[in-house]
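Structure first, then comments.
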Amino acid sequence: MPPLEESERILYTTRKHWFVLAGEIIVLLFLAVLPSVLLFAPYLVPAEILVFLKESVHLQGNFLFSVLFLWSLELLTLWVFFALFWTDYYFDVWFVTNFRVIAIDQKGMFNRSISAFRLDMVQDATVDVPGILATLIGFGTVRVQTASDESFKFRGAKAPNALKEKIMEEHHRIQGEKQEVSIKPSPEEQIGRF
Amino acid sequence: MLPFPTIVIEKTVLTVLLGVALVLFAVMTIIFRYHWNRYGFSEPVVAKMRKLYGLVSALLLGLALIFYLLSVFAL
């Protein structure tokens with residue numbers, strides 16, 4: 001849970017769309033199966049590349065097991081990269097609370113920023129859905145402009161319209177509450193009238 | 001003649017590779033554990049990932065170790 005103020009509660013939580021992670025996973029899968037082509041289907045590899053590899057790389061010990069060993073090390077490295085990408089994906093998160101929006105941006109392992117802006121400071125929120133694919137599977141960028149001229153951006157957000165609507169809904173609720181308080185006369189004013 | 005030197009992967013190179021991989025893997029695992037424990041907001045998903053990471057890592061490390069031993073000590 002992010003650090004919350006007294007009587008603050010989380011109303012909406014959103015992360016990046018799974019498609020953002022899927023793109024990275026596809027690259028990792030491609031790299032993972034690449035050595036298997038060399039090992040189990042060498043006829044798929046151009047002959048020049050096979051000759052080049054035979055002449056340039058000499059493995060001592062059992063050839064098959066040495067290659068399998070190197071491949072398992074490669075898979076282990078790719079697995080660590082997967083964990084890194086997943087952490088980056090899962091820990092990038094926006095929370096809409098009844099007071100503010102908390103934006104957590106995880107960049108790699110050692111770079112993490114937490115920004116927060118109060119809902120009554122929101123001036124405008126826009127959604128940018130880039131292209132057909134983004135429209136079909138539902139991801140995009142949400143930009144929030146605040147009164148202090150700061151702009152907050154959430155790239156690759158899942159259901160960006162729902163996030164924008166929730167932010168604007170809470171913004172209007174808070175504005176409404178503020179107006180009610182300013183219209184309602186104070187107890188001293190009410191006593192003075194009588 | 002090749003325009004670049006030939007790479008000879010000896011048994012000692014395989015041993016060094018295994019050692020380096022083990023050290024890097026251990027360091028990354030400690031870092032992941034720290035992040036997931038400290039910033040894991042919704043516990044069930046992070047707990048699942050922690051289990052999956054441990055399971056797959058153990059499997060891959062086991063395979064690497066078996067293939068290393070077979071490649072170095074196989075006749």
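Each chain in the structure tokens gets a letter, A, B, ..., in the order shown, and its residues are numbered from 1; ligands are numbered from 1 in order too.
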Open item on the list: So that I can see what lies close to B:Val13, please list as a ChimeraX atom specification the residues with an atom at most 10 Å from it, counting only C-alpha atoms and leaving out residues fewer than 5 positions away in the same chain.
Closed with: /A:59-60 /B:8,18-19
Enumerate, in order of chain and increasing residue number, the residues of chain A with an atom no farther than 9 Å from chain B, each with its shortest atom pair and distance in Å to one decimal, counting only C-alpha atoms, as JSON lines.
```
{"residue": "A:Met1", "atom": "CA", "partner": "B:Phe41", "partner_atom": "CA", "distance": 4.8}
{"residue": "A:Pro2", "atom": "CA", "partner": "B:Phe41", "partner_atom": "CA", "distance": 7.5}
{"residue": "A:Phe52", "atom": "CA", "partner": "B:Leu2", "partner_atom": "CA", "distance": 8.8}
{"residue": "A:Glu55", "atom": "CA", "partner": "B:Thr6", "partner_atom": "CA", "distance": 7.2}
{"residue": "A:Ser56", "atom": "CA", "partner": "B:Thr6", "partner_atom": "CA", "distance": 4.5}
{"residue": "A:Val57", "atom": "CA", "partner": "B:Ile7", "partner_atom": "CA", "distance": 4.7}
{"residue": "A:His58", "atom": "CA", "partner": "B:Val8", "partner_atom": "CA", "distance": 4.6}
{"residue": "A:Leu59", "atom": "CA", "partner": "B:Ile9", "partner_atom": "CA", "distance": 4.8}
{"residue": "A:Gln60", "atom": "CA", "partner": "B:Glu10", "partner_atom": "CA", "distance": 5.1}
{"residue": "A:Gly61", "atom": "CA", "partner": "B:Ser71", "partner_atom": "CA", "distance": 5.5}
{"residue": "A:Asn62", "atom": "CA", "partner": "B:Ser71", "partner_atom": "CA", "distance": 4.8}
{"residue": "A:Phe63", "atom": "CA", "partner": "B:Ser71", "partner_atom": "CA", "distance": 7.2}
{"residue": "A:Leu64", "atom": "CA", "partner": "B:Ser71", "partner_atom": "CA", "distance": 7.6}
{"residue": "A:Phe65", "atom": "CA", "partner": "B:Ser71", "partner_atom": "CA", "distance": 4.7}
{"residue": "A:Ser66", "atom": "CA", "partner": "B:Ser71", "partner_atom": "CA", "distance": 5.0}
{"residue": "A:Val67", "atom": "CA", "partner": "B:Phe67", "partner_atom": "CA", "distance": 8.6}
{"residue": "A:Leu68", "atom": "CA", "partner": "B:Phe67", "partner_atom": "CA", "distance": 6.3}
{"residue": "A:Phe69", "atom": "CA", "partner": "B:Phe67", "partner_atom": "CA", "distance": 4.8}
{"residue": "A:Leu70", "atom": "CA", "partner": "B:Ala64", "partner_atom": "CA", "distance": 7.7}
{"residue": "A:Trp71", "atom": "CA", "partner": "B:Ala64", "partner_atom": "CA", "distance": 8.3}
{"residue": "A:Ser72", "atom": "CA", "partner": "B:Ala64", "partner_atom": "CA", "distance": 5.2}
{"residue": "A:Leu73", "atom": "CA", "partner": "B:Ala64", "partner_atom": "CA", "distance": 6.2}
{"residue": "A:Leu75", "atom": "CA", "partner": "B:Leu60", "partner_atom": "CA", "distance": 7.2}
{"residue": "A:Leu76", "atom": "CA", "partner": "B:Leu60", "partner_atom": "CA", "distance": 6.0}
{"residue": "A:Thr77", "atom": "CA", "partner": "B:Phe25", "partner_atom": "CA", "distance": 7.9}
{"residue": "A:Trp79", "atom": "CA", "partner": "B:Ser57", "partner_atom": "CA", "distance": 7.6}
{"residue": "A:Val80", "atom": "CA", "partner": "B:Met28", "partner_atom": "CA", "distance": 7.4}
{"residue": "A:Ala83", "atom": "CA", "partner": "B:Tyr53", "partner_atom": "CA", "distance": 7.5}
{"residue": "A:Leu84", "atom": "CA", "partner": "B:Phe32", "partner_atom": "CA", "distance": 7.9}
{"residue": "A:Thr87", "atom": "CA", "partner": "B:Trp36", "partner_atom": "CA", "distance": 8.0}
{"residue": "A:Tyr90", "atom": "CA", "partner": "B:Val46", "partner_atom": "CA", "distance": 9.0}
{"residue": "A:Phe91", "atom": "CA", "partner": "B:Tyr39", "partner_atom": "CA", "distance": 7.6}
{"residue": "A:Met109", "atom": "CA", "partner": "B:Ile31", "partner_atom": "CA", "distance": 7.6}
```
Based on the selection just made, write C-alpha atoms of those residues as a PDB file, in the first residue's frame.
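Listing of result.pdb after writing:
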```
ATOM      1  CA  MET A   1       0.000   0.000   0.000  1.00  0.00           C
ATOM      2  CA  PRO A   2       1.298   3.509  -0.718  1.00  0.00           C
ATOM      3  CA  PHE A  52      31.547 -20.140 -39.523  1.00  0.00           C
ATOM      4  CA  GLU A  55      35.510 -23.004 -37.514  1.00  0.00           C
ATOM      5  CA  SER A  56      35.434 -20.195 -34.991  1.00  0.00           C
ATOM      6  CA  VAL A  57      34.157 -21.851 -31.812  1.00  0.00           C
ATOM      7  CA  HIS A  58      35.817 -24.928 -30.315  1.00  0.00           C
ATOM      8  CA  LEU A  59      34.222 -26.537 -27.314  1.00  0.00           C
ATOM      9  CA  GLN A  60      36.272 -28.835 -25.105  1.00  0.00           C
ATOM     10  CA  GLY A  61      34.515 -31.680 -23.338  1.00  0.00           C
ATOM     11  CA  ASN A  62      31.255 -33.220 -24.478  1.00  0.00           C
ATOM     12  CA  PHE A  63      29.897 -30.978 -27.267  1.00  0.00           C
ATOM     13  CA  LEU A  64      26.195 -31.648 -26.755  1.00  0.00           C
ATOM     14  CA  PHE A  65      26.296 -31.182 -22.981  1.00  0.00           C
ATOM     15  CA  SER A  66      28.487 -28.083 -23.261  1.00  0.00           C
ATOM     16  CA  VAL A  67      25.964 -26.498 -25.626  1.00  0.00           C
ATOM     17  CA  LEU A  68      23.094 -27.522 -23.354  1.00  0.00           C
ATOM     18  CA  PHE A  69      24.956 -26.015 -20.397  1.00  0.00           C
ATOM     19  CA  LEU A  70      25.480 -22.702 -22.220  1.00  0.00           C
ATOM     20  CA  TRP A  71      21.843 -22.738 -23.295  1.00  0.00           C
ATOM     21  CA  SER A  72      20.626 -23.285 -19.710  1.00  0.00           C
ATOM     22  CA  LEU A  73      22.789 -20.340 -18.594  1.00  0.00           C
ATOM     23  CA  LEU A  75      17.740 -19.292 -20.172  1.00  0.00           C
ATOM     24  CA  LEU A  76      18.652 -18.366 -16.603  1.00  0.00           C
ATOM     25  CA  THR A  77      19.791 -14.913 -17.771  1.00  0.00           C
ATOM     26  CA  TRP A  79      14.550 -15.529 -16.732  1.00  0.00           C
ATOM     27  CA  VAL A  80      16.239 -12.838 -14.623  1.00  0.00           C
ATOM     28  CA  ALA A  83      11.652 -10.886 -13.537  1.00  0.00           C
ATOM     29  CA  LEU A  84      13.133  -7.428 -14.134  1.00  0.00           C
ATOM     30  CA  THR A  87       8.849  -5.834 -11.672  1.00  0.00           C
ATOM     31  CA  TYR A  90       3.786  -4.514 -12.012  1.00  0.00           C
ATOM     32  CA  PHE A  91       5.232  -1.767  -9.831  1.00  0.00           C
ATOM     33  CA  MET A 109      15.515  -1.796  -9.963  1.00  0.00           C
TER      34      MET A 109
END
```
Open item on the list: What parts of stretch 20-182 of chain A does DSSP call helix (DSSP H, G or I)? I'd like the answer as a ChimeraX atom specification.
Closed with: /A:20-40,42-44,47-56,63-90,119-121,132-137,160-182
